[in-house]
Each structure stands twice: as structure tokens, then as C-alpha cells.
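S.K.: Got a structure for you, protein02.tsv, holding TSV, C-alpha atoms.
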chain	number	residue	atom	x	y	z
A	1	MET	CA	15.87	-17.31	3.23
A	2	LYS	CA	12.21	-17.49	4.26
A	3	ILE	CA	10.43	-14.22	4.96
A	4	VAL	CA	6.85	-13.56	6.05
A	5	GLY	CA	5.38	-10.36	4.61
A	6	LEU	CA	2.36	-8.53	6.00
A	7	MET	CA	0.39	-5.72	4.42
A	8	SER	CA	-2.54	-3.61	5.59
A	9	GLY	CA	-3.31	-0.85	3.14
A	10	THR	CA	-5.27	2.36	3.12
A	11	SER	CA	-8.53	0.44	2.76
A	12	TYR	CA	-7.86	-0.96	6.28
A	13	ASP	CA	-10.10	-3.96	5.69
A	14	GLY	CA	-7.62	-6.58	6.86
A	15	VAL	CA	-4.12	-8.02	6.62
A	16	ASP	CA	-2.63	-9.78	3.62
A	17	VAL	CA	-0.12	-12.42	4.75
A	18	VAL	CA	2.45	-14.17	2.55
A	19	ALA	CA	5.43	-16.41	2.99
A	20	ALA	CA	8.22	-16.32	0.44
A	21	GLU	CA	11.54	-18.08	-0.01
A	22	PHE	CA	14.32	-16.02	-1.59
A	23	THR	CA	17.43	-17.46	-3.22
A	24	ALA	CA	20.18	-15.32	-4.73
A	25	ASP	CA	21.46	-16.63	-8.06
A	26	GLY	CA	24.19	-14.22	-9.16
A	27	ASP	CA	22.47	-10.92	-9.88
A	28	THR	CA	19.09	-12.66	-10.10
A	29	LEU	CA	16.92	-13.04	-7.03
A	30	ARG	CA	14.52	-15.97	-7.14
A	31	LEU	CA	11.23	-15.75	-5.23
A	32	ARG	CA	9.27	-18.91	-4.45
A	33	PRO	CA	5.77	-18.08	-3.19
A	34	LEU	CA	4.91	-20.35	-0.27
A	35	GLY	CA	1.30	-19.24	0.12
A	36	HIS	CA	-0.87	-16.34	1.13
A	37	ARG	CA	-3.91	-15.61	3.28
A	38	GLU	CA	-6.28	-12.73	3.85
A	39	LEU	CA	-7.27	-12.02	7.45
A	40	ALA	CA	-10.19	-9.62	7.70
A	41	TYR	CA	-10.33	-6.98	10.41
A	42	PRO	CA	-13.38	-7.27	12.67
A	43	ASP	CA	-15.93	-4.49	12.23
A	44	ASP	CA	-15.10	-2.85	15.54
A	45	LEU	CA	-11.39	-2.63	14.65
A	46	ARG	CA	-12.22	-1.05	11.30
A	47	ALA	CA	-14.38	1.45	13.15
A	48	GLU	CA	-11.57	2.14	15.63
A	49	ILE	CA	-9.12	2.84	12.81
A	50	GLY	CA	-11.63	5.02	10.96
A	51	ALA	CA	-12.34	7.04	14.10
A	52	LEU	CA	-8.65	7.87	14.44
A	53	LEU	CA	-7.88	8.79	10.83
A	54	PRO	CA	-7.85	12.43	9.65
A	55	PRO	CA	-9.81	14.63	9.61
A	56	ALA	CA	-11.07	13.14	12.89
A	57	ALA	CA	-9.59	14.40	16.14
A	58	THR	CA	-8.03	11.83	18.44
A	59	THR	CA	-6.07	11.40	21.68
A	60	ILE	CA	-2.70	9.89	22.43
A	61	GLU	CA	-4.54	7.29	24.52
A	62	ALA	CA	-6.53	6.21	21.46
A	63	VAL	CA	-3.31	6.01	19.43
A	64	CYS	CA	-1.62	3.87	22.10
A	65	ARG	CA	-4.58	1.52	22.40
A	66	LEU	CA	-4.87	1.10	18.63
A	67	ASP	CA	-1.12	0.59	18.24
A	68	ASN	CA	-1.17	-2.33	20.65
A	69	ARG	CA	-4.39	-3.84	19.36
A	70	LEU	CA	-3.02	-3.78	15.83
A	71	GLY	CA	0.18	-5.35	17.14
A	72	GLU	CA	-1.83	-8.28	18.44
A	73	VAL	CA	-3.60	-8.65	15.08
A	74	PHE	CA	-0.33	-8.49	13.16
A	75	ALA	CA	1.21	-10.99	15.57
A	76	GLU	CA	-1.51	-13.51	14.76
A	77	ALA	CA	-1.08	-12.76	11.06
A	78	ALA	CA	2.67	-13.32	11.33
A	79	ALA	CA	2.06	-16.65	13.07
A	80	ALA	CA	-0.18	-17.65	10.16
A	81	GLY	CA	2.63	-16.65	7.81
A	82	VAL	CA	5.12	-18.83	9.65
A	83	GLU	CA	2.72	-21.75	9.18
A	84	LEU	CA	2.63	-20.99	5.44
A	85	ALA	CA	6.44	-21.06	5.48
A	86	GLY	CA	6.39	-24.61	6.82
A	87	GLY	CA	6.76	-23.76	10.49
A	88	THR	CA	9.96	-21.73	10.37
A	89	ALA	CA	10.91	-18.32	9.00
A	90	ASP	CA	13.98	-16.11	9.23
A	91	ALA	CA	12.20	-12.78	9.50
A	92	VAL	CA	8.85	-11.01	9.38
A	93	VAL	CA	8.15	-7.71	7.64
A	94	SER	CA	5.32	-5.86	9.39
A	95	PRO	CA	5.01	-2.37	7.89
A	96	GLY	CA	2.02	-1.54	10.10
A	97	GLN	CA	-1.19	0.36	9.47
A	98	THR	CA	-0.63	3.85	8.11
A	99	VAL	CA	-2.67	6.35	10.11
A	100	PHE	CA	-1.03	9.58	8.98
A	101	HIS	CA	1.16	10.73	6.09
A	102	TRP	CA	2.24	14.30	6.81
A	103	VAL	CA	2.45	16.27	3.56
A	104	GLU	CA	3.01	20.03	3.36
A	105	ASP	CA	3.37	21.87	0.05
A	106	GLY	CA	4.03	18.60	-1.74
A	107	ARG	CA	6.81	17.57	0.64
A	108	VAL	CA	6.46	14.71	3.11
A	109	ARG	CA	7.49	15.81	6.59
A	110	GLY	CA	6.75	12.55	8.37
A	111	THR	CA	4.71	9.39	8.38
A	112	LEU	CA	3.16	7.22	11.08
A	113	GLN	CA	2.33	3.52	11.02
A	114	LEU	CA	0.93	1.64	14.01
A	115	GLY	CA	1.30	-2.03	14.87
A	116	ALA	CA	3.50	-2.63	17.99
A	117	PRO	CA	6.26	-4.69	16.30
A	118	ALA	CA	7.55	-5.97	19.66
A	119	ARG	CA	4.28	-7.89	20.02
A	120	VAL	CA	4.87	-9.47	16.62
A	121	ALA	CA	8.44	-10.45	17.49
A	122	ALA	CA	7.34	-11.89	20.82
A	123	ARG	CA	4.65	-13.98	19.12
A	124	VAL	CA	6.75	-15.56	16.36
A	125	GLY	CA	10.26	-15.47	17.83
A	126	VAL	CA	12.05	-14.02	14.80
A	127	PRO	CA	13.29	-10.49	13.98
A	128	VAL	CA	10.64	-8.09	12.70
A	129	LEU	CA	11.27	-5.27	10.21
A	130	HIS	CA	8.96	-2.30	10.64
A	131	ASP	CA	8.73	1.49	10.07
A	132	LEU	CA	9.82	1.06	6.48
A	133	ARG	CA	8.95	4.54	5.23
A	134	SER	CA	10.82	6.81	7.66
A	135	ALA	CA	14.33	6.28	6.28
A	136	ASP	CA	13.26	7.46	2.85
A	137	VAL	CA	11.44	10.46	4.35
A	138	ALA	CA	14.59	11.35	6.31
A	139	ALA	CA	16.49	11.32	3.00
A	140	GLY	CA	14.04	13.85	1.56
A	141	GLY	CA	11.75	11.34	-0.12
A	142	GLN	CA	8.00	10.81	-0.09
A	143	GLY	CA	8.28	7.53	1.81
A	144	ALA	CA	5.85	6.13	-0.76
A	145	PRO	CA	5.25	4.28	-2.88
A	146	LEU	CA	7.77	1.58	-1.92
A	147	VAL	CA	6.41	-1.23	-4.09
A	148	PRO	CA	8.20	0.09	-7.23
A	149	ALA	CA	11.39	-1.63	-6.01
A	150	PHE	CA	9.54	-4.92	-6.51
A	151	ASP	CA	7.96	-3.82	-9.79
A	152	ALA	CA	11.30	-2.71	-11.24
A	153	LEU	CA	12.78	-6.15	-10.62
A	154	LEU	CA	9.72	-8.05	-11.83
A	155	LEU	CA	9.00	-6.18	-15.07
A	156	ASP	CA	11.52	-6.45	-17.87
A	157	PRO	CA	12.04	-2.97	-19.38
A	158	ALA	CA	13.42	-4.56	-22.54
A	159	ALA	CA	9.85	-5.54	-23.37
A	160	GLY	CA	8.91	-1.87	-23.82
A	161	VAL	CA	7.27	0.78	-21.67
A	162	ARG	CA	5.31	-1.16	-19.06
A	163	ALA	CA	3.43	-0.14	-15.96
A	164	ALA	CA	2.56	-1.89	-12.73
A	165	LEU	CA	-0.71	-0.65	-11.24
A	166	ASN	CA	-1.86	-1.24	-7.69
A	167	LEU	CA	-5.51	-0.58	-6.95
A	168	GLY	CA	-5.77	-0.37	-3.18
A	169	GLY	CA	-7.26	2.50	-1.23
A	170	ILE	CA	-4.98	4.63	-3.39
A	171	ALA	CA	-4.02	3.85	-6.98
A	172	ASN	CA	-0.29	3.90	-7.55
A	173	LEU	CA	1.67	3.37	-10.73
A	174	THR	CA	5.19	2.18	-11.51
A	175	VAL	CA	6.57	2.77	-15.01
A	176	VAL	CA	9.62	0.96	-16.37
A	177	ALA	CA	11.13	1.74	-19.76
A	178	PRO	CA	14.37	0.93	-21.56
A	179	GLY	CA	17.25	3.24	-20.61
A	180	THR	CA	15.29	5.47	-18.21
A	181	PRO	CA	15.01	5.60	-14.41
A	182	VAL	CA	12.08	3.87	-12.79
A	183	LEU	CA	9.11	6.19	-12.24
A	184	GLY	CA	6.42	5.65	-9.65
A	185	TYR	CA	3.85	7.67	-7.72
A	186	ASP	CA	0.38	7.72	-6.22
A	187	VAL	CA	-2.08	8.57	-8.98
A	188	GLY	CA	-5.10	9.27	-6.77
A	189	PRO	CA	-7.95	7.40	-5.09
A	190	ALA	CA	-8.85	3.86	-6.10
A	191	ASN	CA	-11.05	2.33	-3.41
A	192	ALA	CA	-10.71	5.16	-0.86
A	193	LEU	CA	-13.63	7.27	-2.07
A	194	LEU	CA	-15.60	4.30	-3.40
A	195	ASP	CA	-15.55	2.65	0.02
A	196	ALA	CA	-16.42	5.94	1.73
A	197	ALA	CA	-19.44	6.27	-0.55
A	198	ALA	CA	-20.49	2.67	0.07
A	199	ARG	CA	-20.40	3.24	3.81
A	200	ARG	CA	-22.29	6.51	3.48
A	201	PHE	CA	-24.99	5.50	1.01
A	202	LEU	CA	-25.21	1.69	1.27
A	203	ASP	CA	-24.17	1.12	4.88
A	204	ARG	CA	-21.72	-1.45	3.57
A	205	PRO	CA	-17.92	-1.52	3.58
A	206	CYS	CA	-17.76	-1.62	-0.22
A	207	ASP	CA	-19.77	-1.90	-3.42
A	208	VAL	CA	-19.31	-5.63	-4.01
A	209	ASP	CA	-18.21	-6.35	-7.60
A	210	GLY	CA	-19.00	-2.72	-8.48
A	211	ALA	CA	-22.61	-3.80	-8.96
A	212	ARG	CA	-24.20	-0.57	-7.82
A	213	ALA	CA	-21.72	1.49	-9.84
A	214	ALA	CA	-22.62	-0.57	-12.91
A	215	ALA	CA	-26.29	0.29	-12.33
A	216	GLY	CA	-25.58	4.01	-12.13
A	217	ARG	CA	-24.64	6.74	-14.57
A	218	VAL	CA	-21.67	9.09	-14.45
A	219	HIS	CA	-22.70	12.48	-13.09
A	220	GLU	CA	-20.65	14.79	-15.31
A	221	ALA	CA	-20.79	17.83	-13.03
A	222	LEU	CA	-19.60	15.81	-10.05
A	223	LEU	CA	-16.86	14.21	-12.12
A	224	ALA	CA	-15.66	17.61	-13.33
A	225	ARG	CA	-15.55	18.89	-9.76
A	226	LEU	CA	-13.54	15.88	-8.62
A	227	LEU	CA	-11.13	16.04	-11.57
A	228	ALA	CA	-10.36	19.67	-10.68
A	229	GLU	CA	-8.42	18.42	-7.62
A	230	PRO	CA	-4.95	20.07	-7.85
A	231	TYR	CA	-3.18	16.86	-6.78
A	232	TYR	CA	-3.69	15.30	-10.23
A	233	ALA	CA	-1.80	18.11	-11.97
A	234	ALA	CA	1.14	18.05	-9.54
A	235	PRO	CA	4.26	16.43	-11.03
A	236	PRO	CA	5.86	13.39	-9.41
A	237	PRO	CA	7.41	12.52	-7.06
A	238	LYS	CA	4.19	12.69	-5.08
A	239	SER	CA	2.19	10.58	-2.65
A	240	THR	CA	-1.19	10.87	-1.03
A	241	GLY	CA	-3.66	9.01	1.15
A	242	LYS	CA	-6.82	9.35	3.17
A	243	GLU	CA	-5.48	12.58	4.64
A	244	LEU	CA	-6.83	14.05	1.38
A	245	PHE	CA	-9.24	11.50	-0.08
A	246	HIS	CA	-11.70	10.73	2.71
A	247	GLY	CA	-15.44	10.79	3.32
A	248	GLY	CA	-15.45	14.48	4.21
A	249	TYR	CA	-13.73	15.27	0.90
A	250	LEU	CA	-16.53	13.50	-0.98
A	251	ASP	CA	-19.19	15.24	1.12
A	252	ALA	CA	-17.71	18.65	0.25
A	253	ALA	CA	-17.77	17.82	-3.47
A	254	LEU	CA	-21.40	16.74	-3.26
A	255	ARG	CA	-22.43	19.84	-1.30
A	256	GLY	CA	-20.81	22.03	-3.91
A	257	LEU	CA	-23.17	20.72	-6.59
A	258	GLY	CA	-26.27	22.14	-4.95
A	259	GLU	CA	-28.37	19.16	-6.03
A	260	PRO	CA	-28.73	15.58	-4.77
A	261	VAL	CA	-27.01	12.74	-6.61
A	262	ALA	CA	-28.34	9.19	-6.49
A	263	ALA	CA	-26.14	6.67	-4.67
A	264	ASP	CA	-25.57	4.53	-7.76
A	265	ASP	CA	-24.59	7.60	-9.76
A	266	VAL	CA	-22.09	8.64	-7.08
A	267	LEU	CA	-20.50	5.20	-7.24
A	268	ALA	CA	-20.47	5.22	-11.04
A	269	THR	CA	-18.83	8.64	-11.01
A	270	LEU	CA	-16.15	7.62	-8.49
A	271	THR	CA	-15.39	4.52	-10.55
A	272	GLU	CA	-14.99	6.72	-13.60
A	273	LEU	CA	-12.73	9.07	-11.60
A	274	THR	CA	-10.33	6.25	-10.76
A	275	ALA	CA	-10.40	4.81	-14.27
A	276	ARG	CA	-9.95	8.21	-15.90
A	277	THR	CA	-7.04	9.37	-13.72
A	278	VAL	CA	-5.23	6.03	-14.08
A	279	ALA	CA	-5.79	5.93	-17.84
A	280	ASP	CA	-4.58	9.51	-18.22
A	281	ALA	CA	-1.38	8.62	-16.35
A	282	CYS	CA	-0.82	5.54	-18.51
A	283	ASP	CA	-1.36	7.55	-21.68
A	284	ARG	CA	0.97	10.29	-20.45
A	285	HIS	CA	3.78	7.76	-20.07
A	286	ARG	CA	2.88	5.99	-23.34
A	287	VAL	CA	2.80	2.56	-21.75
A	288	THR	CA	2.04	-0.48	-23.86
A	289	GLU	CA	1.02	-2.81	-21.04
A	290	VAL	CA	-0.47	-2.39	-17.55
A	291	VAL	CA	-0.03	-5.19	-15.01
A	292	ALA	CA	-2.57	-4.67	-12.23
A	293	ALA	CA	-2.88	-5.93	-8.66
A	294	GLY	CA	-4.67	-5.02	-5.45
A	295	GLY	CA	-8.24	-5.23	-4.22
A	296	GLY	CA	-9.52	-3.12	-7.11
A	297	VAL	CA	-8.87	-5.89	-9.63
A	298	ARG	CA	-11.78	-7.77	-8.00
A	299	ASN	CA	-14.11	-4.97	-9.14
A	300	PRO	CA	-15.23	-6.03	-12.65
A	301	THR	CA	-16.86	-2.64	-13.27
A	302	LEU	CA	-13.61	-0.80	-12.64
A	303	ARG	CA	-11.55	-3.32	-14.60
A	304	ALA	CA	-13.91	-3.13	-17.58
A	305	ARG	CA	-13.73	0.64	-17.62
A	306	LEU	CA	-9.91	0.62	-17.42
A	307	ALA	CA	-9.72	-1.91	-20.25
A	308	ALA	CA	-12.06	0.21	-22.37
A	309	LEU	CA	-10.03	3.38	-21.81
A	310	GLY	CA	-6.80	1.59	-22.71
A	311	ASP	CA	-8.20	-0.22	-25.73
A	312	GLY	CA	-5.88	0.13	-28.70
A	313	ARG	CA	-3.11	1.81	-26.66
A	314	TRP	CA	-2.25	-0.48	-23.76
A	315	ARG	CA	-3.14	-3.98	-22.66
A	316	LEU	CA	-4.50	-4.65	-19.16
A	317	ARG	CA	-3.54	-7.85	-17.34
A	318	THR	CA	-2.94	-8.91	-13.75
A	319	THR	CA	0.14	-10.03	-11.84
A	320	ASP	CA	-1.39	-13.52	-11.55
A	321	GLU	CA	-0.11	-14.08	-15.08
A	322	LEU	CA	3.43	-13.43	-13.78
A	323	GLY	CA	3.10	-15.85	-10.87
A	324	VAL	CA	2.28	-13.25	-8.22
A	325	PRO	CA	-1.27	-13.41	-6.80
A	326	ALA	CA	-2.88	-10.03	-7.45
A	327	GLN	CA	-4.43	-9.89	-3.99
A	328	ALA	CA	-1.08	-10.53	-2.29
A	329	LYS	CA	1.37	-8.61	-4.46
A	330	GLU	CA	2.06	-5.82	-1.96
A	331	ALA	CA	2.72	-8.31	0.83
A	332	TYR	CA	5.21	-10.12	-1.42
A	333	ALA	CA	6.76	-6.75	-2.25
A	334	PHE	CA	7.28	-6.01	1.45
A	335	ALA	CA	8.80	-9.46	1.92
A	336	LEU	CA	11.29	-8.49	-0.81
A	337	LEU	CA	12.04	-5.22	1.00
A	338	GLY	CA	12.77	-7.31	4.08
A	339	TRP	CA	15.27	-9.41	2.14
A	340	LEU	CA	16.97	-6.27	0.88
A	341	SER	CA	17.18	-4.69	4.33
A	342	TRP	CA	18.45	-7.91	5.88
A	343	HIS	CA	21.38	-7.76	3.45
A	344	GLY	CA	21.98	-4.03	3.90
A	345	LEU	CA	20.66	-3.18	0.44
A	346	PRO	CA	18.47	-0.13	-0.29
A	347	GLY	CA	14.79	-0.72	-0.93
A	348	ALA	CA	13.59	2.76	-1.85
A	349	VAL	CA	14.02	4.04	-5.40
A	350	PRO	CA	15.10	7.72	-5.40
A	351	SER	CA	13.74	8.34	-8.91
A	352	VAL	CA	10.36	7.33	-7.48
A	353	THR	CA	10.33	8.96	-4.05
A	354	GLY	CA	12.51	11.99	-4.77
A	355	ALA	CA	14.97	11.12	-1.99
A	356	SER	CA	18.55	12.36	-2.15
A	357	ARG	CA	19.87	8.81	-1.81
A	358	ALA	CA	18.66	5.21	-1.87
A	359	ALA	CA	17.89	4.28	1.73
A	360	VAL	CA	18.06	0.93	3.45
A	361	LEU	CA	14.56	0.68	4.83
A	362	GLY	CA	13.09	-0.08	8.20
A	363	SER	CA	14.03	-0.75	11.79
A	364	TRP	CA	14.59	-4.21	13.22
A	365	THR	CA	12.97	-5.39	16.42
A	366	PRO	CA	14.85	-8.49	17.60
A	367	ALA	CA	13.05	-11.47	19.06
A	368	GLY	CA	15.84	-12.04	21.59
A	369	PRO	CA	19.61	-12.41	21.74
A	370	SER	CA	21.34	-13.09	18.44
A	371	ALA	CA	21.95	-16.78	17.96
A	372	THR	CA	25.27	-16.10	16.20
A	373	ALA	CA	26.78	-13.31	18.29
A	374	PRO	CA	29.11	-14.42	21.13
A	375	ARG	CA	27.40	-14.02	24.47
A	376	PRO	CA	29.49	-12.66	27.37
A	377	PRO	CA	28.77	-13.57	30.98
A	378	ALA	CA	26.01	-11.50	32.60
A	379	PRO	CA	27.60	-8.42	34.24
A	380	ARG	CA	27.36	-8.02	38.00
A	381	ARG	CA	28.65	-4.46	38.23
A	382	LEU	CA	29.49	-1.40	36.09
A	383	VAL	CA	32.78	0.52	36.21
A	384	VAL	CA	33.12	3.93	34.58
A	385	ASP	CA	36.57	4.54	33.14
A	386	ALA	CA	37.81	8.10	33.27
Produce C-alpha cells that represent the structure in this file.

M.R.:
Amino acid sequence: MKIVGLMSGTSYDGVDVVAAEFTADGDTLRLRPLGHRELAYPDDLRAEIGALLPPAATTIEAVCRLDNRLGEVFAEAAAAGVELAGGTADAVVSPGQTVFHWVEDGRVRGTLQLGAPARVAARVGVPVLHDLRSADVAAGGQGAPLVPAFDALLLDPAAGVRAALNLGGIANLTVVAPGTPVLGYDVGPANALLDAAARRFLDRPCDVDGARAAAGRVHEALLARLLAEPYYAAPPPKSTGKELFHGGYLDAALRGLGEPVAADDVLATLTELTARTVADACDRHRVTEVVAAGGGVRNPTLRARLAALGDGRWRLRTTDELGVPAQAKEAYAFALLGWLSWHGLPGAVPSVTGASRAAVLGSWTPAGPSATAPRPPAPRRLVVDA
């Protein structure tokens, strides 16, 4: 079965597109990567998304317009994925762009992703799986992270306590260990605050290669203020996003210092924040190896700091060494979730999300009549039986 997977994360810088072929071999599922691409969002679309995200106020008109514009972007991305699949695919997984994750007192009440899946289905002519988080939320779960289902199958727990780390806008961790349930949760910000600082201080979308952070020094008072965030001490299951870690959050922390901080020092401090919170989580779970993916692995300053903090306790490597491109891992994970949902199998892991049951994820938008279902003649009238 060939599935196209799309992914646009909390960094909202573009869409990762993959095509994968899945073959069931007894209780082993074989994944053959067929290729991946990165399609960058244009600057005005990034601005449109940013203007809608909390804590900004918005209108339902703005939501509708963005939903449909994103649908057009995802439709083009899906078409590119079908090309990667050799011109034909059985399904597309389009989880959409998360614009709100409603959390109250540690419990997720709802979640909203935009991306007009009907536009995607109309463009590529195959069924589209979307809204993957809501079923888990309805079962009492966090609706995130969902990638641990992929991690749990990829990492062999017999090899010891191992962790999969994704460094997107948010850093999330999956821990597998012999004889224990899979654990996974959002650790805290990865690129979310770093990118906010780059936009604020450098007028750039990011600090390329962490160069400016490498030139700065950690501001200990700012770091202490940031580390005091209650989210870090909350036990899992837990999830977070830019509803908490956004530009205004950083501004408040800087104002609280009562003194200016140089741009490079802010970036150095935020890099240390991500490295420190991730390393603390890895140490807490006594992992022996961390397999990293996501946009953050392209930041050599962040990677070097993570490696230094784990030195002697855990080894840092990337998913490329396991055959999964680090920049496309989440898109491949969503392709896997599509395969599971297609076969009526749950994709959420209750020990990760805190749900009362393992939910089959997503809603299907068909591309047209089923090719296998018998088609009756078109009705010409309706009769209501008493």
C-alpha cells in the first residue's frame, strides 16, 4: 500500500512531504521510503498563520480564509507526494496546520487543525485522512504527541532504554524500555522560542545553524526565569504548543529582568533552555541512547550542546542512521498512522496521551464513490416508510 504523508509542524515554515510503501509481513510492517520533499511556505502565508495564532485575536473569516488557503498548499504538496510514489497512491494523510490546542488545568479540551482536506482529495483523487488528534482527545487523551506510535515500532526496547527525540517547534520525547509501557510527551520549546527571538531581534525566520547563539553567552538570570515555568515540573501525560511558548511569553520573561539582554545572548540562553530541559528528561528516564529528528538537528549549536550534556550517560544520533531521514520523520510517522487507520487499527498510545482507550485516528474525506462498493441506480424519488 502506498501512502503519501504530509506534515506542517508548530514552526509553520512549510510542508514536509513523503511517500511510503507499506507491506505487512506477519506481525512486522515493512516501510519502504519512496522519497521526500520540503515545500516552504511563502512569507505572506507564514505571516497569515502567525497573525492568527494565540495570543492574537482573530475572526472566523480569517480562519475560513486560512483553512482554504492551506488546503490549496497541502493539495499541491499531496500531488508532489503522488509523484514521489511513482504516479499513484492509495491514500494521503494530511494532518493540517495546528492553530490551537485547548488545554485547561493540564487537560486537553479540544484541538484545531486547518487545511481543507476536501481540496486535497479533489486535487489528487484518493481518500484523505485528516483531523488525527480529535479521536484521542475525545477518549480523554492529550491528542499529542502521536509520533510515539511510530517510535515504539521503530526502536527495539530489547536494546535497552532508548529515546526518540523530535526537535520541531516543540521538543517531544518518546521513551521505550524493556517490559514497560511506551512513554511520550512534549518536553517544552525547541525552535518555538528560538524562532520568535530570531524574528524579533534579527528580522529573520530563524538563527541559521545557530550561528548567533554560538556567538552569545548564556544569561543565567534569564535562564533561571525560563526554567521556572511550571510546565516542566508537571508529570506526563502532557502536551503544549505555541499557545504557551510564543513571542509574547519571551517578551514577558525579558521584561521581568529589568535589564536589556543582547540578541546573541538571548539566542544562546534559549538554546541552553532547550538542551537543558531535554537532557533533564533523558536523565530522568535513564536513557542510554537518544535518536533525534526534526528541524532542530540542523542546528549544530543545539546538537553540540545536547551531546555535551549527555556525554557519558547517553549517546546522541539521528534517525538517518535507521533509514528514516531526520527532516522527514514526522511525515513518515503520519503515513504510518494512515496505514493503521486504513486497517481499523489504533494509532494513539494511551500510555503516552493518557486516553482511556487506544483510538483509531482521523476522519476520511473520500475522493469520490468507492471503486469497490456496488453502485445502485441513481434514485429518482424518495419514499418514507411508516

S.K.: Can you measure atom CA of A:Arg298 to atom CA of A:Leu273 for me? One decimal in Å is fine.

M.R.: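 If I compute the distance from atom CA of A:Arg298 to atom CA of A:Leu273, I get 17.2 Å.
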
S.K.: Could you list, as a ChimeraX atom specification, every residue within 8 Å of stretch 136-142 of chain A, counting only C-alpha atoms and ignoring same-chain residues fewer than 4 positions away?

M.R.: /A:107-111,237-239,348,350,353-359,361

S.K.: Could you check how far atom CA of A:Leu84 sits from atom CA of A:Arg32, in Å to one decimal?

M.R.: 12.1 Å

S.K.: Would you pick out the contacts of stretch 308-321 of chain A at 10 Å or less, using all atoms listed in the file, so that residues sharing its chain but fewer than 4 positions from it are not included, and give the list as a ChimeraX atom specification?

M.R.: /A:154,161-166,275-276,278-280,282-283,286-294,297,302-304,325-329

S.K.: Skipping near chain neighbours, those fewer than 6 positions away, what residues fall within 9 Å of stretch 121-135 of chain A using all atoms listed in the file, listed as a VMD selection string?

M.R.: chain A and resid 72 75 to 76 78 to 79 82 89 to 96 110 to 115 141 to 146 337 to 338 341 to 342 348 359 to 368

S.K.: Show me, as a Markdown table, the residues of stretch 4-27 of chain A having an atom within 7 Å of stretch 33-43 of chain A, each with the closest atom pair and its distance in Å, using all atoms listed in the file.

M.R.:
| residue | atom | partner | partner_atom | distance |
| --- | --- | --- | --- | --- |
| A:Asp13 | CA | A:Tyr41 | CA | 5.6 |
| A:Gly14 | CA | A:Ala40 | CA | 4.1 |
| A:Val15 | CA | A:Leu39 | CA | 5.2 |
| A:Asp16 | CA | A:Glu38 | CA | 4.7 |
| A:Val17 | CA | A:Arg37 | CA | 5.2 |
| A:Val18 | CA | A:His36 | CA | 4.2 |
| A:Ala19 | CA | A:Leu34 | CA | 5.1 |
| A:Ala20 | CA | A:Pro33 | CA | 4.7 |
| A:Glu21 | CA | A:Pro33 | CA | 6.6 |

S.K.: Need to verify the contact set: stretch 260-270 of chain A, 8 Å, all atoms listed in the file, exclusion of same-chain residues closer than 4 positions in sequence. Can you return it as a ChimeraX atom specification?

M.R.: /A:193-194,197-198,201-202,212-220,222-223,254,274

S.K.: Next, the residues of the selection above should be written as a compact mmCIF listing (two decimals), in the coordinates of the input with C-alpha atoms.

M.R.:
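Saved result, selection21.txt, follows:
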# COMPACT_ATOMS: atom_id res chain seq x y z
CA LEU A 193 -13.63 7.27 -2.07
CA LEU A 194 -15.60 4.30 -3.40
CA ALA A 197 -19.44 6.27 -0.55
CA ALA A 198 -20.49 2.67 0.07
CA PHE A 201 -24.99 5.50 1.01
CA LEU A 202 -25.21 1.69 1.27
CA ARG A 212 -24.20 -0.57 -7.82
CA ALA A 213 -21.72 1.49 -9.84
CA ALA A 214 -22.62 -0.57 -12.91
CA ALA A 215 -26.29 0.29 -12.33
CA GLY A 216 -25.58 4.01 -12.13
CA ARG A 217 -24.64 6.74 -14.57
CA VAL A 218 -21.67 9.09 -14.45
CA HIS A 219 -22.70 12.48 -13.09
CA GLU A 220 -20.65 14.79 -15.31
CA LEU A 222 -19.60 15.81 -10.05
CA LEU A 223 -16.86 14.21 -12.12
CA LEU A 254 -21.40 16.74 -3.26
CA THR A 274 -10.33 6.25 -10.76

S.K.: Place a sphere of radius 9 Å on (7.1, -7.6, 0.6) in the file coordinates and name every protein, DNA or RNA residue with an atom inside or on its surface, counting only C-alpha atoms; give the answer as a PyMOL selection string.

M.R.: chain A and resi 3-7+18+20+93+147+150+329-339

S.K.: Using only the atoms of stretch 59-69 of chain A listed in the file, plus 5 Å on each side, state the axis-aligned box centre and edge lengths in Å rounded to one decimal, as lines of an AutoDock Vina configuration file.

M.R.:
center_x = -3.8
center_y = 3.8
center_z = 21.4
size_x = 15.4
size_y = 25.2
size_z = 16.3

S.K.: May I have the residues within 8 Å of stretch 182-188 of chain A as a list in words, using only C-alpha atoms and disregarding those fewer than 2 positions away in the same chain?

M.R.: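 Those residues are Ala144, Pro145, Pro148, Ala152, Ile170, Ala171, Asn172, Leu173, Thr174, Val175, Val176, Ala177, Thr180, Ala190, Tyr231, Tyr232, Pro236, Pro237, Lys238, Ser239, Thr240, Thr274, Thr277, Val278, Ala281, Val349, Ser351, Val352 and Thr353 of chain A.
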
S.K.: Any idea what the distance is between atom CA of A:Pro181 and atom CA of A:Thr98?

M.R.: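 Value for the atom CA of A:Pro181-atom CA of A:Thr98 distance: 27.5 Å.
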
S.K.: Of the residues A:Gly26, A:Pro54, A:Gly210, A:Gly323, which is the one nearest to A:Trp102, using only C-alpha atoms?

M.R.: A:Pro54

S.K.: Measuring atom to atom with only C-alpha atoms, identify which of A:Gly344, A:Arg204, A:Lys2, A:Thr58 is nearest to A:Gly81.

M.R.: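 Using only C-alpha atoms, A:Gly81 sits closest to A:Lys2.
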
S.K.: Using only C-alpha atoms - which residues lie no farther than 9 Å from the point (-7.4, 4.0, 5.8) in the file's frame? Write them as a short mmCIF file (atom, residue, chain, number, x, y, z; two decimals) with C-alpha atoms, in the frame of the given file.

M.R.:
data_model
loop_
_atom_site.label_atom_id
_atom_site.label_comp_id
_atom_site.auth_asym_id
_atom_site.auth_seq_id
_atom_site.Cartn_x
_atom_site.Cartn_y
_atom_site.Cartn_z
CA GLY A 9 -3.31 -0.85 3.14
CA THR A 10 -5.27 2.36 3.12
CA SER A 11 -8.53 0.44 2.76
CA TYR A 12 -7.86 -0.96 6.28
CA ASP A 13 -10.10 -3.96 5.69
CA ARG A 46 -12.22 -1.05 11.30
CA ILE A 49 -9.12 2.84 12.81
CA GLY A 50 -11.63 5.02 10.96
CA LEU A 53 -7.88 8.79 10.83
CA GLN A 97 -1.19 0.36 9.47
CA THR A 98 -0.63 3.85 8.11
CA VAL A 99 -2.67 6.35 10.11
CA GLY A 169 -7.26 2.50 -1.23
CA ALA A 192 -10.71 5.16 -0.86
CA GLY A 241 -3.66 9.01 1.15
CA LYS A 242 -6.82 9.35 3.17
CA GLU A 243 -5.48 12.58 4.64
CA HIS A 246 -11.70 10.73 2.71
#
